[in-house]
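One structure below.
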Amino acid sequence: MSDLFSEGEALKEAALERLERSNSEILAACRDAMRTLARRGGAVDADDARAWLAAQPDGERWMERRKDWMGSLFRTQEWTPVGWKISRAKENHARPIRTWRLKTF
């Protein structure tokens, strides 16, 4: 008998890796912006990333696309989760989102 949790987790990781590969350029730019923001103000979240993205010259093009790739944004080892907050994005219907801080090495 297989472990459904492990199988589900493996499928999730594989999907996030595919999304990360196919969106590597925008993820790198967005991660860099979130690092800068975190160094100035502490915790950051997906709403901060959306706001940064919308303010970019080609942000409208990115905002129109599906943003599944954003699930990969804080996957790198440099981030640690520090809490939750209610999303400011209307389309998120006031759902909780995770907040993140840069780890100190």
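Residue names in the structure tokens use chain letters A, B, ... in the order shown, residue numbers from 1 in each chain, and ligand numbers from 1 in the order shown.
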Exercise. Contacts of Gly71 (chain A) at 12 Å or less, counting only C-alpha atoms, minus same-chain residues fewer than 6 places along, as a PyMOL selection string?
Worked result: chain A and resi 12-13+15-20+23+27+31+45-46+49+97-98
Problem set entry | Which of A:Met63, A:Val82, A:Ala51, A:Cys30 sits closest to Trp100 (chain A) [using only C-alpha atoms] | A:Val82
Exercise. By how many Å are CA of Ala38 (chain A) and CA of Glu25 (chain A) apart?
Worked result: 20.0 Å
Near Arg50 (chain A), within 12 Å and counting only C-alpha atoms, which residues show up once chain neighbours fewer than 5 positions away are dropped, as a short mmCIF file (atom, residue, chain, number, x, y, z; two decimals) with all heavy atoms, in the first residue's frame?
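Output below, filename around04.cif:
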```
data_model
loop_
_atom_site.label_atom_id
_atom_site.label_comp_id
_atom_site.auth_asym_id
_atom_site.auth_seq_id
_atom_site.Cartn_x
_atom_site.Cartn_y
_atom_site.Cartn_z
N ILE A 26 11.38 35.36 -14.53
CA ILE A 26 10.54 36.22 -13.69
C ILE A 26 10.70 35.84 -12.21
O ILE A 26 10.70 36.71 -11.34
CB ILE A 26 9.06 36.21 -14.13
CG1 ILE A 26 8.29 37.30 -13.40
CG2 ILE A 26 8.42 34.85 -13.92
CD1 ILE A 26 8.74 38.71 -13.66
N LEU A 27 10.90 34.55 -11.91
CA LEU A 27 11.13 34.16 -10.52
C LEU A 27 12.41 34.76 -9.98
O LEU A 27 12.44 35.25 -8.84
CB LEU A 27 11.19 32.64 -10.40
CG LEU A 27 9.87 31.95 -10.12
CD1 LEU A 27 10.00 30.45 -10.30
CD2 LEU A 27 9.36 32.28 -8.74
N CYS A 30 11.78 38.47 -9.35
CA CYS A 30 10.86 38.66 -8.23
C CYS A 30 11.54 38.30 -6.90
O CYS A 30 11.37 39.01 -5.91
CB CYS A 30 9.62 37.81 -8.47
SG CYS A 30 8.16 38.35 -7.58
N ARG A 31 12.33 37.24 -6.90
CA ARG A 31 13.07 36.87 -5.68
C ARG A 31 14.05 37.96 -5.29
O ARG A 31 14.19 38.28 -4.11
CB ARG A 31 13.80 35.55 -5.88
CG ARG A 31 12.91 34.35 -5.79
CD ARG A 31 13.67 33.08 -6.06
NE ARG A 31 12.80 31.93 -5.88
CZ ARG A 31 12.92 30.81 -6.55
NH1 ARG A 31 13.90 30.66 -7.44
NH2 ARG A 31 12.09 29.82 -6.34
N ALA A 33 13.78 41.13 -5.92
CA ALA A 33 13.00 42.25 -5.37
C ALA A 33 12.52 41.94 -3.95
O ALA A 33 12.55 42.81 -3.07
CB ALA A 33 11.81 42.54 -6.29
N MET A 34 12.11 40.70 -3.69
CA MET A 34 11.64 40.34 -2.35
C MET A 34 12.79 40.33 -1.35
O MET A 34 12.61 40.72 -0.20
CB MET A 34 10.93 38.98 -2.37
CG MET A 34 9.61 38.98 -3.14
SD MET A 34 8.40 40.20 -2.55
CE MET A 34 8.66 41.54 -3.73
N VAL A 44 7.98 39.47 4.24
CA VAL A 44 7.37 39.72 2.94
C VAL A 44 6.40 38.58 2.65
O VAL A 44 6.41 37.55 3.33
CB VAL A 44 8.41 39.83 1.80
CG1 VAL A 44 9.28 41.07 2.00
CG2 VAL A 44 9.27 38.59 1.71
N ASP A 45 5.56 38.77 1.63
CA ASP A 45 4.57 37.76 1.29
C ASP A 45 4.24 37.84 -0.19
O ASP A 45 4.77 38.69 -0.92
CB ASP A 45 3.31 37.94 2.15
CG ASP A 45 2.72 39.33 2.02
OD1 ASP A 45 2.45 39.78 0.89
OD2 ASP A 45 2.52 39.98 3.05
N ALA A 55 3.96 46.71 -10.76
CA ALA A 55 4.65 47.99 -10.96
C ALA A 55 5.74 47.93 -12.03
O ALA A 55 6.29 48.98 -12.40
CB ALA A 55 5.25 48.47 -9.64
N GLN A 56 6.04 46.76 -12.55
CA GLN A 56 7.09 46.62 -13.56
C GLN A 56 6.58 47.05 -14.93
O GLN A 56 5.39 46.99 -15.20
CB GLN A 56 7.58 45.16 -13.61
CG GLN A 56 8.15 44.67 -12.32
CD GLN A 56 9.13 45.66 -11.71
OE1 GLN A 56 10.16 45.97 -12.29
NE2 GLN A 56 8.79 46.18 -10.54
N GLY A 59 4.68 44.43 -16.29
CA GLY A 59 3.92 43.79 -15.23
C GLY A 59 2.51 43.40 -15.62
O GLY A 59 2.01 42.37 -15.21
N GLU A 60 1.88 44.22 -16.44
CA GLU A 60 0.52 43.92 -16.86
C GLU A 60 0.46 42.58 -17.59
O GLU A 60 -0.44 41.78 -17.36
CB GLU A 60 0.00 45.03 -17.76
CG GLU A 60 -1.47 44.93 -18.06
CD GLU A 60 -1.98 46.13 -18.82
OE1 GLU A 60 -1.66 47.27 -18.42
OE2 GLU A 60 -2.68 45.92 -19.81
N TRP A 62 2.46 40.04 -17.13
CA TRP A 62 2.62 38.97 -16.14
C TRP A 62 1.39 38.82 -15.26
O TRP A 62 1.02 37.72 -14.88
CB TRP A 62 3.85 39.23 -15.27
CG TRP A 62 5.10 38.90 -16.00
CD1 TRP A 62 5.96 39.77 -16.59
CD2 TRP A 62 5.61 37.60 -16.26
NE1 TRP A 62 6.98 39.09 -17.20
CE2 TRP A 62 6.80 37.76 -17.01
CE3 TRP A 62 5.19 36.31 -15.94
CZ2 TRP A 62 7.56 36.68 -17.43
CZ3 TRP A 62 5.95 35.24 -16.35
CH2 TRP A 62 7.12 35.43 -17.09
N MET A 63 0.74 39.93 -14.94
CA MET A 63 -0.44 39.86 -14.08
C MET A 63 -1.62 39.21 -14.79
O MET A 63 -2.49 38.64 -14.15
CB MET A 63 -0.82 41.25 -13.59
CG MET A 63 0.21 41.89 -12.67
SD MET A 63 0.61 40.90 -11.23
CE MET A 63 -0.88 41.09 -10.27
N GLU A 64 -1.66 39.27 -16.11
CA GLU A 64 -2.75 38.65 -16.87
C GLU A 64 -2.60 37.13 -16.94
O GLU A 64 -3.57 36.42 -17.12
CB GLU A 64 -2.79 39.21 -18.29
CG GLU A 64 -3.27 40.63 -18.35
CD GLU A 64 -3.15 41.24 -19.73
OE1 GLU A 64 -2.58 40.59 -20.64
OE2 GLU A 64 -3.61 42.38 -19.89
N LYS A 67 -0.63 32.66 -12.32
CA LYS A 67 0.52 32.91 -11.46
C LYS A 67 0.83 31.71 -10.57
O LYS A 67 1.29 31.84 -9.46
CB LYS A 67 0.28 34.19 -10.66
CG LYS A 67 0.33 35.44 -11.53
CD LYS A 67 -0.04 36.68 -10.81
CE LYS A 67 -1.49 37.03 -10.82
NZ LYS A 67 -2.28 36.90 -11.99
N TRP A 69 3.26 29.87 -10.80
CA TRP A 69 4.70 29.89 -10.54
C TRP A 69 5.04 30.59 -9.23
O TRP A 69 6.07 30.33 -8.64
CB TRP A 69 5.44 30.57 -11.71
CG TRP A 69 4.98 31.96 -11.98
CD1 TRP A 69 3.99 32.35 -12.84
CD2 TRP A 69 5.48 33.15 -11.40
NE1 TRP A 69 3.83 33.72 -12.82
CE2 TRP A 69 4.74 34.23 -11.94
CE3 TRP A 69 6.47 33.42 -10.46
CZ2 TRP A 69 4.97 35.56 -11.58
CZ3 TRP A 69 6.69 34.74 -10.10
CH2 TRP A 69 5.95 35.79 -10.66
N MET A 70 4.15 31.46 -8.75
CA MET A 70 4.44 32.17 -7.51
C MET A 70 4.52 31.23 -6.32
O MET A 70 5.11 31.57 -5.30
CB MET A 70 3.42 33.27 -7.27
CG MET A 70 3.63 34.43 -8.23
SD MET A 70 2.54 35.82 -7.92
CE MET A 70 3.29 36.48 -6.44
N LEU A 73 8.06 30.84 -5.36
CA LEU A 73 8.81 32.06 -5.02
C LEU A 73 9.66 31.93 -3.75
O LEU A 73 10.83 32.28 -3.74
CB LEU A 73 7.84 33.23 -4.89
CG LEU A 73 8.44 34.60 -4.66
CD1 LEU A 73 9.38 34.99 -5.79
CD2 LEU A 73 7.32 35.62 -4.52
N SER A 87 -4.65 37.95 2.96
CA SER A 87 -4.22 38.53 1.70
C SER A 87 -4.98 39.83 1.40
O SER A 87 -6.17 39.94 1.67
CB SER A 87 -4.46 37.54 0.56
OG SER A 87 -4.12 38.12 -0.68
N ARG A 88 -4.26 40.77 0.84
CA ARG A 88 -4.85 42.04 0.41
C ARG A 88 -5.45 41.93 -0.99
O ARG A 88 -6.19 42.82 -1.41
CB ARG A 88 -3.79 43.14 0.40
CG ARG A 88 -3.13 43.40 1.72
CD ARG A 88 -2.11 44.54 1.68
NE ARG A 88 -1.06 44.41 0.69
CZ ARG A 88 0.12 43.80 0.86
NH1 ARG A 88 0.38 43.23 2.04
NH2 ARG A 88 1.02 43.76 -0.08
N ALA A 89 -5.14 40.88 -1.73
CA ALA A 89 -5.60 40.72 -3.10
C ALA A 89 -7.08 40.31 -3.12
O ALA A 89 -7.47 39.33 -2.50
CB ALA A 89 -4.76 39.67 -3.82
N LYS A 90 -7.89 41.09 -3.83
CA LYS A 90 -9.34 40.81 -3.92
C LYS A 90 -9.62 39.38 -4.36
O LYS A 90 -10.48 38.72 -3.82
CB LYS A 90 -10.00 41.74 -4.94
CG LYS A 90 -10.36 43.07 -4.45
CD LYS A 90 -11.22 43.81 -5.45
CE LYS A 90 -10.65 43.78 -6.85
NZ LYS A 90 -11.29 44.70 -7.78
N GLU A 91 -8.87 38.95 -5.37
CA GLU A 91 -9.11 37.62 -5.94
C GLU A 91 -8.79 36.48 -4.97
O GLU A 91 -9.16 35.34 -5.22
CB GLU A 91 -8.34 37.44 -7.26
CG GLU A 91 -6.85 37.51 -7.13
CD GLU A 91 -6.25 38.91 -7.23
OE1 GLU A 91 -6.98 39.91 -7.14
OE2 GLU A 91 -5.01 38.99 -7.39
N ASN A 92 -8.13 36.78 -3.87
CA ASN A 92 -7.83 35.76 -2.86
C ASN A 92 -8.93 35.61 -1.82
O ASN A 92 -8.85 34.76 -0.94
CB ASN A 92 -6.49 36.04 -2.17
CG ASN A 92 -5.33 35.67 -3.04
OD1 ASN A 92 -5.46 34.91 -4.00
ND2 ASN A 92 -4.17 36.21 -2.73
#
```
For this session: as a ChimeraX atom specification, list the residues of chain A assigned to alpha helix (DSSP H) by DSSP on the backbone atoms of this structure.
Result: /A:4-22,24-41,46-54,59-64
Exercise. Using only C-alpha atoms, which of A:Ser24, A:Asp3, A:Glu9, A:Pro57 sits nearest Ser72 (chain A)?
Worked result: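 Distance minimum relative to Ser72 (chain A) lands on A:Ser24.
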Exercise. Any idea what the distance is between CA of Asp48 (chain A) and CA of Ala94 (chain A)?
Worked result: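 Separating CA of Asp48 (chain A) from CA of Ala94 (chain A) is a distance of 15.1 Å.
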For this session: Measure the distance from CA of Arg95 (chain A) to CA of Asp47 (chain A) in Å and round it to one decimal.
Result: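 Those two atoms sit 11.6 Å apart.
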Problem set entry | Test item, strand (DSSP E) assignment across chain A, answer as a list in words |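 Matching residues, listed in order: Val44, Asp45, Trp79, Thr80, Pro81, Val82, Gly83, Trp84, Lys85, Ile86, Pro96, Ile97, Arg98, Thr99, Trp100, Arg101 and Leu102 of chain A.
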